[in-house]
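Undergrad: Below is one structure. I have some questions about it.
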Amino acid sequence: MPLNELDERIVQALAADARRSYADIGAEVGLSAPAVKRRVDRLLAAGAITGFTVRVDPAALGWHTEALVELYCRHNTSPSDIRRGLARYPEVAAASTVTGEADAVVQVFAADVRHFEQVLERIAGEPFVTRTKSVLVLSPLVRRYGAGSPG
């Protein structure tokens, strides 16, 4: 569902702080609180807004090491096979199929380098994985969790 400019401003306000009241958002975008609520409900029903969540610093949960892992898979591996295989790892924060040589890129959080090595060994042992290539994140530079048009 494409968002109009007003819907996009509402989504951006919620993405920045999902705890903001509809009245506060309405004051920012020039609508009443009930009008903002109706728009949010419509966006939820249409699937443009998929939920509300909290962002937690991984270090607060004991995850002090972050890595990006390229997965190279067997020829007939489907994205759903990769998803099923990775879903059981609590250390996997995100995974996406990609263009290029790798079949997928996986974001992994671990307690430390040793823990990451153990997770990497388990992932590499999945039947659909032929090899992996990984890098440790030194400093995250840009993280965008909110909304906004790409253009």
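Labels used: A, B, ... for chains in the order of the structure tokens, numbers from 1 for residues in each chain, and numbers from 1 for ligands as shown.
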DSSP says strand (DSSP E or B) for which residues of chain A? Put them as a ChimeraX atom specification?
TA: /A:65-73,92-97,104-110,129-136
Undergrad: What parts of chain A does DSSP call alpha helix (DSSP H)? I'd like the answer as a VMD selection string.
TA: chain A and resid 5 to 16 22 to 29 33 to 46 79 to 87 113 to 124
Undergrad: Could you check the closest approach to Val119 (chain A) for each of A:Ser134, A:Thr97, A:Asn4, A:Thr50 and tell me which residue wins, using only C-alpha atoms?
TA: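 The closest residue to Val119 (chain A) is A:Ser134.
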Undergrad: At a cut-off of 10 Å, using only C-alpha atoms, what residues contact region 22-27 of chain A? Leave out same-chain residues fewer than 2 positions from it and give the result as a ChimeraX atom specification.
TA: /A:9-14,18-20,29-38,40
Undergrad: For Glu70 (chain A), work out the shell of residues within 6 Å, counting only C-alpha atoms and skipping chain neighbours fewer than 5 positions away, then give it as a PDB file with N, CA and C atoms, in the first residue's frame.
TA:
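Here's the written file result.pdb:
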ATOM      1  N   ALA A 102      27.166 -14.838  -2.782  1.00  0.00           N
ATOM      2  CA  ALA A 102      26.521 -15.483  -1.630  1.00  0.00           C
ATOM      3  C   ALA A 102      25.033 -15.655  -1.914  1.00  0.00           C
ATOM      4  N   ALA A 104      22.843 -15.832   0.834  1.00  0.00           N
ATOM      5  CA  ALA A 104      22.174 -15.111   1.908  1.00  0.00           C
ATOM      6  C   ALA A 104      23.219 -14.416   2.779  1.00  0.00           C
ATOM      7  N   VAL A 105      22.769 -13.365   3.470  1.00  0.00           N
ATOM      8  CA  VAL A 105      23.589 -12.681   4.461  1.00  0.00           C
ATOM      9  C   VAL A 105      22.837 -12.739   5.780  1.00  0.00           C
ATOM     10  N   THR A 132      30.786 -20.658   4.412  1.00  0.00           N
ATOM     11  CA  THR A 132      30.424 -19.354   4.966  1.00  0.00           C
ATOM     12  C   THR A 132      31.609 -18.409   4.835  1.00  0.00           C
ATOM     13  N   LYS A 133      31.305 -17.140   4.913  1.00  0.00           N
ATOM     14  CA  LYS A 133      32.339 -16.105   4.967  1.00  0.00           C
ATOM     15  C   LYS A 133      31.803 -15.059   5.932  1.00  0.00           C
TER      16      LYS A 133
END
Undergrad: I'd like the neighbourhood of Pro79 (chain A) as number ranges by chain, where a residue qualifies if any of its atoms comes within 10 Å (using only C-alpha atoms), though same-chain residues fewer than 4 positions away should be ignored.
TA: A: 83-85, 96-97, 103-104
Undergrad: Any idea what the distance is between CA of Gly51 (chain A) and CA of Pro140 (chain A)?
TA: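 Rounded to one decimal, the two atoms are 24.8 Å apart.
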Undergrad: Rank A:Ala67, A:Val137, A:Ile123, A:Leu61 by their smallest atom-to-atom distance to Val108 (chain A), using only C-alpha atoms, and report the top residue only.
TA: A:Ala67
Undergrad: With a distance cut-off of 12 Å and only C-alpha atoms, select the neighbouring residues of Leu120 (chain A), excluding the residue or stretch itself and same-chain residues fewer than 5 positions from it, and output the selection as JSON, numbers by chain.
TA: {"A": [66, 67, 68, 69, 70, 71, 86, 89, 91, 92, 106, 107, 108, 109, 110, 113, 114, 115, 125, 126, 129, 131, 132, 133, 134, 135, 136]}
Undergrad: Can you write out the residues you just picked, keeping C-alpha atoms, as a PDB file, in the first residue's frame?
TA:
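Saved file out-v1.pdb follows:
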ATOM      1  CA  GLU A  66      28.065  -8.731  16.123  1.00  0.00           C
ATOM      2  CA  ALA A  67      28.923 -10.379  12.820  1.00  0.00           C
ATOM      3  CA  LEU A  68      27.680 -10.538   9.268  1.00  0.00           C
ATOM      4  CA  VAL A  69      27.868 -13.970   7.704  1.00  0.00           C
ATOM      5  CA  GLU A  70      27.590 -14.754   4.014  1.00  0.00           C
ATOM      6  CA  LEU A  71      26.010 -18.142   3.369  1.00  0.00           C
ATOM      7  CA  LEU A  86      18.205 -20.252  10.673  1.00  0.00           C
ATOM      8  CA  TYR A  89      19.167 -19.819  16.276  1.00  0.00           C
ATOM      9  CA  GLU A  91      21.673 -15.453  17.856  1.00  0.00           C
ATOM     10  CA  VAL A  92      20.381 -14.751  14.329  1.00  0.00           C
ATOM     11  CA  VAL A 106      22.962 -13.283   8.149  1.00  0.00           C
ATOM     12  CA  GLN A 107      23.306 -10.834  11.041  1.00  0.00           C
ATOM     13  CA  VAL A 108      24.448 -12.668  14.170  1.00  0.00           C
ATOM     14  CA  PHE A 109      24.779 -11.414  17.739  1.00  0.00           C
ATOM     15  CA  ALA A 110      26.815 -13.388  20.277  1.00  0.00           C
ATOM     16  CA  VAL A 113      33.974 -14.142  19.849  1.00  0.00           C
ATOM     17  CA  ARG A 114      34.097 -17.704  21.195  1.00  0.00           C
ATOM     18  CA  HIS A 115      30.298 -17.851  21.297  1.00  0.00           C
ATOM     19  CA  GLY A 125      27.026 -27.545   9.681  1.00  0.00           C
ATOM     20  CA  GLU A 126      23.491 -27.033   8.358  1.00  0.00           C
ATOM     21  CA  VAL A 129      25.302 -24.723   3.698  1.00  0.00           C
ATOM     22  CA  ARG A 131      30.538 -22.619   3.043  1.00  0.00           C
ATOM     23  CA  THR A 132      30.424 -19.354   4.966  1.00  0.00           C
ATOM     24  CA  LYS A 133      32.339 -16.105   4.967  1.00  0.00           C
ATOM     25  CA  SER A 134      32.070 -13.803   7.960  1.00  0.00           C
ATOM     26  CA  VAL A 135      33.161 -10.407   9.223  1.00  0.00           C
ATOM     27  CA  LEU A 136      32.951  -9.029  12.739  1.00  0.00           C
TER      28      LEU A 136
END
Undergrad: Using Å and a single decimal, report how far CA of Tyr72 (chain A) sits from CA of Glu101 (chain A).
TA: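 Atom-to-atom, CA of Glu101 (chain A) to CA of Tyr72 (chain A), that is 7.7 Å.
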Undergrad: Measuring atom to atom with only C-alpha atoms, identify which of A:Arg74, A:Arg144, A:Ile82, A:Gly100 is nearest to Thr130 (chain A).
TA: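 Closest residue, counting only C-alpha atoms: A:Arg74.
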Undergrad: Can you measure CA of Ile49 (chain A) to CA of Met1 (chain A) for me? One decimal in Å is fine.
TA: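 Straight-line distance from CA of Ile49 (chain A) to CA of Met1 (chain A) works out to 9.9 Å.
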Undergrad: When you count only C-alpha atoms, which of these residues is closest to Asp57 (chain A): A:Arg143, A:Ser78, A:Ala95, A:Asp7?
TA: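 Answer, going by the shortest atom-to-atom distance: A:Arg143.
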Undergrad: Name the closest residue to Asp17 (chain A) among the candidates A:Glu5, A:Ala111, A:Asp41, A:Arg55; distances are taken between atoms, counting only C-alpha atoms.
TA: A:Arg55
